[in-house]
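> One structure is given below, represented as structure tokens, and several questions about it will come after.
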Amino acid sequence: MSNLNKALLIGRLTKDPEMRYTPSGTAVTNFSIATNRWSTGPDGERKEFTDYHNIVAYPIGKRNLAETVAQYTRKGALVFVEGRIQTRSWEGQDGQKRRVTEIIANDVQFLEPRGAGAGVGAGAAAPTRAAAAHEDIPAPDDAPRDVDPDEIPF
């Protein structure tokens, strides 16, 4: 029997993407998106809930997804992300064990036309390998809330 690890998300960037380079010179871009879903709350009323997803983009071949995302997207941009789910664990500088679940992007498509907001460009691809370790990645707040890109504090 085969296994499948695939994530398909449409959401808005919660902050500008952050690009850095590995010691070997490979570009890596980290960004996060917010997605909304509807469900019935504890009081029986239909409510909107928001989930936050950490995304990591790498280059592959001649297609450089990491640099494309960093160059053409900004906070509030609407994007479609296709990738795989990965969970990493490490020990922080303070000695505490850290854990993060993120999407390793295989493709990012910008869903808004050039000049109609923050996102422009075309999809690209990334290799399937682990992301570089982060020292401190904040855990998402599980409290349900609506997301307006202009109200995201970071």
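In the structure tokens, chains take the letters A, B, ... in the order shown, each chain's residues start at 1, and ligands count up from 1 in the order shown.
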Could you list, with a cut-off of 6 Å and counting only C-alpha atoms, the residues of range 9-74 of chain A near range 87-105 of chain A, each shown with its nearest atom pair and the distance in Å rounded to one decimal, rows sorted by chain and ascending number, as a tab-separated table?


residue	atom	partner	partner_atom	distance
A:Asn54	CA	A:Glu102	CA	4.8
A:Ile55	CA	A:Ile103	CA	4.7
A:Val56	CA	A:Ile104	CA	5.0
A:Ala57	CA	A:Ala105	CA	5.2

> Just the number, please: distance in Å from CA of Phe80 in chain A to CA of His53 in chain A, one decimal.

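Separation between CA of Phe80 in chain A and CA of His53 in chain A: 12.2 Å.
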
> Where in range 51-93 of chain A does DSSP assign strand (DSSP E), given as an mmCIF file with C-alpha atoms, in the first residue's frame?


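To be explicit, this is the file written out as result_0.cif:
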data_model
loop_
_atom_site.group_PDB
_atom_site.id
_atom_site.type_symbol
_atom_site.label_atom_id
_atom_site.label_comp_id
_atom_site.auth_asym_id
_atom_site.auth_seq_id
_atom_site.Cartn_x
_atom_site.Cartn_y
_atom_site.Cartn_z
ATOM 1 C CA ASP A 51 -5.670 28.340 10.868
ATOM 2 C CA TYR A 52 -2.058 29.426 10.340
ATOM 3 C CA HIS A 53 0.452 27.440 8.278
ATOM 4 C CA ASN A 54 4.246 27.808 8.126
ATOM 5 C CA ILE A 55 5.562 27.372 4.571
ATOM 6 C CA VAL A 56 9.166 26.744 3.400
ATOM 7 C CA ALA A 57 10.225 27.222 -0.245
ATOM 8 C CA LEU A 78 -3.505 35.509 -1.881
ATOM 9 C CA VAL A 79 -1.607 32.320 -2.811
ATOM 10 C CA PHE A 80 -2.218 28.661 -3.595
ATOM 11 C CA VAL A 81 0.406 26.384 -2.002
ATOM 12 C CA GLU A 82 0.962 22.735 -2.863
ATOM 13 C CA GLY A 83 3.456 20.749 -0.841
ATOM 14 C CA ARG A 84 4.083 18.120 1.788
ATOM 15 C CA ILE A 85 3.646 18.278 5.566
ATOM 16 C CA GLN A 86 6.781 17.952 7.684
ATOM 17 C CA THR A 87 7.307 18.087 11.446
ATOM 18 C CA ARG A 88 10.751 18.892 12.874
ATOM 19 C CA SER A 89 12.077 18.840 16.426
ATOM 20 C CA TRP A 90 15.198 20.456 17.863
ATOM 21 C CA GLU A 91 16.593 21.848 21.088
#

> May I have the residues within 7 Å of Pro17 in chain A as a PyMOL selection string, using only C-alpha atoms and disregarding those fewer than 6 positions away in the same chain?

chain A and resi 29-31+70+74

> Which one of A:Leu9, A:Val28, A:Val108, A:Met1 sits closest to Tyr72 in chain A if you count only C-alpha atoms?

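Answer, going by the shortest atom-to-atom distance: A:Val108.
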
> Can you work out the spacing between CA of Asp16 in chain A and CA of Ala66 in chain A in Å, to one decimal?

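CA of Ala66 in chain A lies at a distance of 12.9 Å from CA of Asp16 in chain A.
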
> Rounded to one decimal place, report the CA of Glu48 in chain A-CA of Asn5 in chain A distance in Å.

26.4 Å

> For Glu67 in chain A, which residue out of A:Asn3, A:Asn106, A:Thr14, A:Thr26 is the nearest one, using only C-alpha atoms?

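For Glu67 in chain A, the nearest of the given residues is A:Thr26.
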